[in-house]
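Below: one structure, written as structure tokens.
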Amino acid sequence: MTIIAKFGGTSLGNAERIKNTAKIISEIKKKKDVVVVVSAIGKITDFLINAVKNTNKINIDKFIDEVYLRHFNILKEIKQPTNQDKKRLNLSCNSIKQRLILAKQQNKINPEDIDYIAGFGEKFSAFILSIALEQLNFKTKMLCGDDNLIFTNNNFNNAEVLFDKTNNALEKKILPIIKENIIVFTGFVGTTLNNKTTCLGRGSSDYIASIIGASLDAKEIRIYTDVDGIMTADPRIVKNAKIIKKLDFNEMSELACFGAYVLHPKTIEPAMKKNICVKVINSNNTKKFTEIFNKREKTSKQIKAISSKTNISILNIYSTRMLKSYGFLAKVFKIFEEEELSVDLICTSEVNISLSLNGLENNQKMQNIINKLNEFSFAKLKKNKALICIVGEFLKHKYGSAGNIFNKLGENKINIEMISQGASEISISFIVENADAKKAVLLLHKELIESN
Ligand code: ASP
Ligand code: MG
């Protein structure tokens, strides 16, 4: 049985934390096979991306020295680096440097350069963690997503996985060596069919862990992080937020899309297809975790969580031509497709559609969309809104739960603009003013979660 264990940037933030991470992994390996997936060491991804975007403002040599030193200093607290170790670090630094020089000459920011360079963050951390594991006398094998393992399309910065090819490659490569080795796999990184490094989007190491877990039919996908698991609300807003012990996949998907900051939103999908439990665990206290899985149990009849996303916009589209006509919605969504902008909530009446969008109100894309919509309707954007989402199976089972929620908001003079409850009945989402968001979350958390 295999366990996938993903560690984020803070679990790898310094030598001490890397040693703690290696210890956690060694405990797992005593009983099970393990594939470790790593993020870059904290803040390194930003540091690398920032350099590619500012090649004409930075001193490339100084930048490379800094990248080298940040990793070297951590490494030397784990073991006395050999010449071979130094050579490996230098080799990667040199590749980054050559690419930065080329990027600077081109005089424009190229998404391909960003991915090539950003991907080194995970390569460094995988290398250092492998060494920490070897110090504990384990044999390791480091694998990189761009070494013909995680295949993607050419959508640099946000590449989409080609699943059949990827699953085949992962199985073939990992299964024969997993018994004798701890596999240390880079998160974040993939490859195009013609061998160019891609990145799968910020925070996507979680997603890669899930992809690997699904392709190997793993027993469990563990996401180690620096928080206690998924909370009933953002603990920065609600002091009394609690850990959610168990969530089902559908509930988690609703939360992931609406601002749950702990897991990359795509993580659930591969795990769900293979019915593999995803566990979000605090790497400082492994007794604290949230389990996400398929089984609906009897105890789940309660509101699980309240999440909020501020600074979003609503687009209201009016047209009398919607009345008794067909194809109107198709026309509207065609425009969103052309501009590649995704929509969160949708409410319609006979003469109006309201859509909530992810805060891109100043964006050129938004202007293009409004211009196109205005050719056959009247579109108006409202800014400074917040989306609140209440998630839990409970909503389905208890009469009047929606009434209760909206009464409470009304009593407290919080105006609600759009309401949406999907057919799954496991979430209710609505829009309020930005300024009311915090108050609404606190109020509902108290009423629906703390009082239970
Ligand atoms: N290192 C990448 C990022 O910072 C990927 C990840 O952490 O999951 O976005
Ligand atoms: Mg993350």
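Every chain in the structure tokens takes a letter, A first, then B, and so on in the order presented; its residues are numbered from 1, and the ligands are numbered from 1 following the presented order.
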*Counting only C-alpha atoms and all ligand atoms, what residues are within 7 Å of ligand 2, given as a PyMOL selection string?*
chain A and resi 8+203+206+262-264
Can you write out the residues you just picked, keeping N, CA and C atoms, as a PDB file, in the first residue's frame?
ATOM      1  N   GLY A   8       4.437  21.263   1.943  1.00  0.00           N
ATOM      2  CA  GLY A   8       4.431  22.620   1.393  1.00  0.00           C
ATOM      3  C   GLY A   8       5.668  23.405   1.798  1.00  0.00           C
ATOM      4  N   GLY A 203       0.406  26.946  -6.353  1.00  0.00           N
ATOM      5  CA  GLY A 203      -0.154  26.038  -5.350  1.00  0.00           C
ATOM      6  C   GLY A 203      -0.494  24.648  -5.858  1.00  0.00           C
ATOM      7  N   ASP A 206      -0.182  20.339  -4.524  1.00  0.00           N
ATOM      8  CA  ASP A 206      -1.254  19.506  -3.950  1.00  0.00           C
ATOM      9  C   ASP A 206      -1.892  18.656  -5.047  1.00  0.00           C
ATOM     10  N   VAL A 262      -6.551  26.327   1.853  1.00  0.00           N
ATOM     11  CA  VAL A 262      -5.632  25.261   2.260  1.00  0.00           C
ATOM     12  C   VAL A 262      -5.236  24.327   1.120  1.00  0.00           C
ATOM     13  N   LEU A 263      -6.183  23.986   0.277  1.00  0.00           N
ATOM     14  CA  LEU A 263      -5.916  23.022  -0.791  1.00  0.00           C
ATOM     15  C   LEU A 263      -6.090  23.662  -2.155  1.00  0.00           C
ATOM     16  N   HIS A 264      -5.234  23.271  -3.099  1.00  0.00           N
ATOM     17  CA  HIS A 264      -5.456  23.717  -4.477  1.00  0.00           C
ATOM     18  C   HIS A 264      -6.796  23.139  -4.950  1.00  0.00           C
TER      19      HIS A 264
END
*Please check which protein, DNA or RNA residues sit within 9 Å of ligand 1, counting only C-alpha atoms and all ligand atoms, and write them as a PyMOL selection string.*
chain A and resi 7-9+38-46+118-119+121-122+187-189+199-208+264
_Residue set, region 267-349 of chain A restricted to helix (DSSP H, G or I), as a ChimeraX atom specification_ = /A:267-273,298-300,320-322,328-338
_Need the shell around Asn250 (chain A): protein/DNA/RNA residues with any atom at most 12 Å away, counting only C-alpha atoms. Skip same-chain ones fewer than 3 positions apart. Format as a list in words?_
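Surrounding residues, per the criterion: Lys246, Leu247, Ser253, Glu254, Leu255, Ala256, Cys257, Pro265, Ile268, Glu269, Ala271, Met272, Lys273, Ile292, Phe293, Asn294, Lys295, Arg296, Lys304, Val391, Gly392, Glu393, Gly422, Ser424, Glu425, Ile426 and Ser427 of chain A.
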Using only C-alpha atoms, tabulate the residues of region 99-124 of chain A lying at most 12 Å from any atom of region 159-168 of chain A, each with its closest atom pair and that distance in Å to one decimal, by chain and increasing residue number, as a Markdown table.
| residue | atom | partner | partner_atom | distance |
| --- | --- | --- | --- | --- |
| A:Pro111 | CA | A:Ala159 | CA | 10.9 |
| A:Glu112 | CA | A:Ala159 | CA | 10.9 |
| A:Asp115 | CA | A:Ala159 | CA | 9.8 |
Based on the selection just made, write C-alpha atoms of those residues as a PDB file, in the first residue's frame.
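As a result, out.pdb now contains:
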ATOM      1  CA  PRO A 111       5.579  32.487 -20.112  1.00  0.00           C
ATOM      2  CA  GLU A 112       7.876  29.630 -21.164  1.00  0.00           C
ATOM      3  CA  ASP A 115       7.895  28.062 -16.051  1.00  0.00           C
TER       4      ASP A 115
END
_Need the shell around Phe406 (chain A): protein/DNA/RNA residues with any atom at most 12 Å away, counting only C-alpha atoms. Skip same-chain ones fewer than 4 positions apart. Format as a list in words?_
Ile390, Gly400, Ser401, Ala402, Gly410, Glu411, Asn412, Lys413, Ile414, Asn415, Ile416, Glu417, Met418, Ile419, Ile428, Ser429, Phe430, Ile431, Val432, Ala440, Leu443, Leu444, Glu447 and Leu448 of chain A
_strand (DSSP E or B) call set, DSSP backbone run, region 69-261 of chain A, as an MDAnalysis selection string_ = chainID A and resid 140:143 151:152 161 182:186 189:191 197:199 220:225 231 243 246:248
*Please identify all polymer residues within 9 Å of Ile178 (chain A), counting only C-alpha atoms, omitting same-chain residues fewer than 4 positions from it, and present them as a count of residues only.*
8
*State, in Å with one decimal place, the distance from CA of Ile109 (chain A) to CA of Lys53 (chain A).*
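Atom-to-atom, CA of Ile109 (chain A) to CA of Lys53 (chain A), that is 5.9 Å.
When the distance limit is 10 Å and only C-alpha atoms are what count, the residues near Lys97 (chain A), minus those fewer than 3 positions from it on the same chain, are Ile60, Asp61, Phe63, Ile64, Leu91, Ser92, Cys93, Asn94, Leu100, Ile101, Leu102, Ala103 and Ile117 of chain A.
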With N, CA and C atoms kept, could you save the residues just selected as a PDB file, in the first residue's frame?
ATOM      1  N   ILE A  60      21.759  39.888 -12.338  1.00  0.00           N
ATOM      2  CA  ILE A  60      21.557  38.442 -12.481  1.00  0.00           C
ATOM      3  C   ILE A  60      22.571  37.655 -11.647  1.00  0.00           C
ATOM      4  N   ASP A  61      23.830  38.093 -11.658  1.00  0.00           N
ATOM      5  CA  ASP A  61      24.843  37.349 -10.887  1.00  0.00           C
ATOM      6  C   ASP A  61      24.512  37.338  -9.394  1.00  0.00           C
ATOM      7  N   PHE A  63      21.616  37.773  -8.040  1.00  0.00           N
ATOM      8  CA  PHE A  63      20.407  36.968  -7.837  1.00  0.00           C
ATOM      9  C   PHE A  63      20.758  35.475  -7.758  1.00  0.00           C
ATOM     10  N   ILE A  64      21.608  35.030  -8.685  1.00  0.00           N
ATOM     11  CA  ILE A  64      21.992  33.606  -8.705  1.00  0.00           C
ATOM     12  C   ILE A  64      22.734  33.236  -7.420  1.00  0.00           C
ATOM     13  N   LEU A  91      24.976  23.466 -11.003  1.00  0.00           N
ATOM     14  CA  LEU A  91      24.460  23.129 -12.331  1.00  0.00           C
ATOM     15  C   LEU A  91      23.072  23.760 -12.532  1.00  0.00           C
ATOM     16  N   SER A  92      22.227  23.600 -11.522  1.00  0.00           N
ATOM     17  CA  SER A  92      20.874  24.178 -11.612  1.00  0.00           C
ATOM     18  C   SER A  92      20.960  25.697 -11.662  1.00  0.00           C
ATOM     19  N   CYS A  93      21.809  26.270 -10.809  1.00  0.00           N
ATOM     20  CA  CYS A  93      21.937  27.733 -10.795  1.00  0.00           C
ATOM     21  C   CYS A  93      22.404  28.232 -12.156  1.00  0.00           C
ATOM     22  N   ASN A  94      23.298  27.476 -12.743  1.00  0.00           N
ATOM     23  CA  ASN A  94      23.806  27.895 -14.043  1.00  0.00           C
ATOM     24  C   ASN A  94      22.713  27.835 -15.118  1.00  0.00           C
ATOM     25  N   LEU A 100      17.969  33.239 -17.780  1.00  0.00           N
ATOM     26  CA  LEU A 100      17.680  34.641 -17.447  1.00  0.00           C
ATOM     27  C   LEU A 100      18.378  35.576 -18.434  1.00  0.00           C
ATOM     28  N   ILE A 101      19.613  35.206 -18.803  1.00  0.00           N
ATOM     29  CA  ILE A 101      20.348  36.055 -19.756  1.00  0.00           C
ATOM     30  C   ILE A 101      19.610  36.094 -21.097  1.00  0.00           C
ATOM     31  N   LEU A 102      19.158  34.916 -21.523  1.00  0.00           N
ATOM     32  CA  LEU A 102      18.390  34.858 -22.785  1.00  0.00           C
ATOM     33  C   LEU A 102      17.102  35.682 -22.679  1.00  0.00           C
ATOM     34  N   ALA A 103      16.435  35.525 -21.549  1.00  0.00           N
ATOM     35  CA  ALA A 103      15.160  36.238 -21.352  1.00  0.00           C
ATOM     36  C   ALA A 103      15.393  37.741 -21.393  1.00  0.00           C
ATOM     37  N   ILE A 117      12.108  28.528 -15.242  1.00  0.00           N
ATOM     38  CA  ILE A 117      12.873  28.995 -14.078  1.00  0.00           C
ATOM     39  C   ILE A 117      12.127  28.716 -12.759  1.00  0.00           C
TER      40      ILE A 117
END
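Nearest residue to Lys32 (chain A), choosing from A:Leu12, A:Ala218, A:Leu89, A:Val280 and counting only C-alpha atoms: A:Ala218.
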*asked:* Here is a test: counting only C-alpha atoms, which residue of A:Tyr326, A:Thr286, A:Lys309, A:Asn368 is nearest to Asn434 (chain A)?
replied: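 Of all the options, A:Lys309 lies closest to Asn434 (chain A).
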_Of the listed residues A:Asn90, A:Ser95, A:Ser308, A:Asn371, that which approaches Asp234 (chain A) most closely, counting only C-alpha atoms_ =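 Nearest candidate to Asp234 (chain A) out of A:Asn90, A:Ser95, A:Ser308, A:Asn371: A:Ser308.
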_Nearest to Leu193 (chain A), chosen from A:Glu27, A:Glu171, A:Glu291, A:Asp147, with only C-alpha atoms counted in the distances_ =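 Nearest candidate to Leu193 (chain A) out of A:Glu27, A:Glu171, A:Glu291, A:Asp147: A:Asp147.
Relative to CA of Glu16 (chain A), CA of Tyr224 (chain A) is found at 15.7 Å.
For the pair CA of Val36 (chain A) and CA of Val184 (chain A), the separation is 4.8 Å.
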*Distance query Glu450 (chain A) at most 8 Å, only C-alpha atoms, self and fewer than 4 positions along chain excluded, as a VMD selection string*: chain A and resid 240 445 to 446
Output C-alpha atoms for every residue in the selection just made, as a PDB file, in the first residue's frame.
ATOM      1  CA  ASN A 240     -13.664  30.307  17.313  1.00  0.00           C
ATOM      2  CA  HIS A 445     -20.622  30.915  12.231  1.00  0.00           C
ATOM      3  CA  LYS A 446     -21.975  31.695  15.655  1.00  0.00           C
TER       4      LYS A 446
END
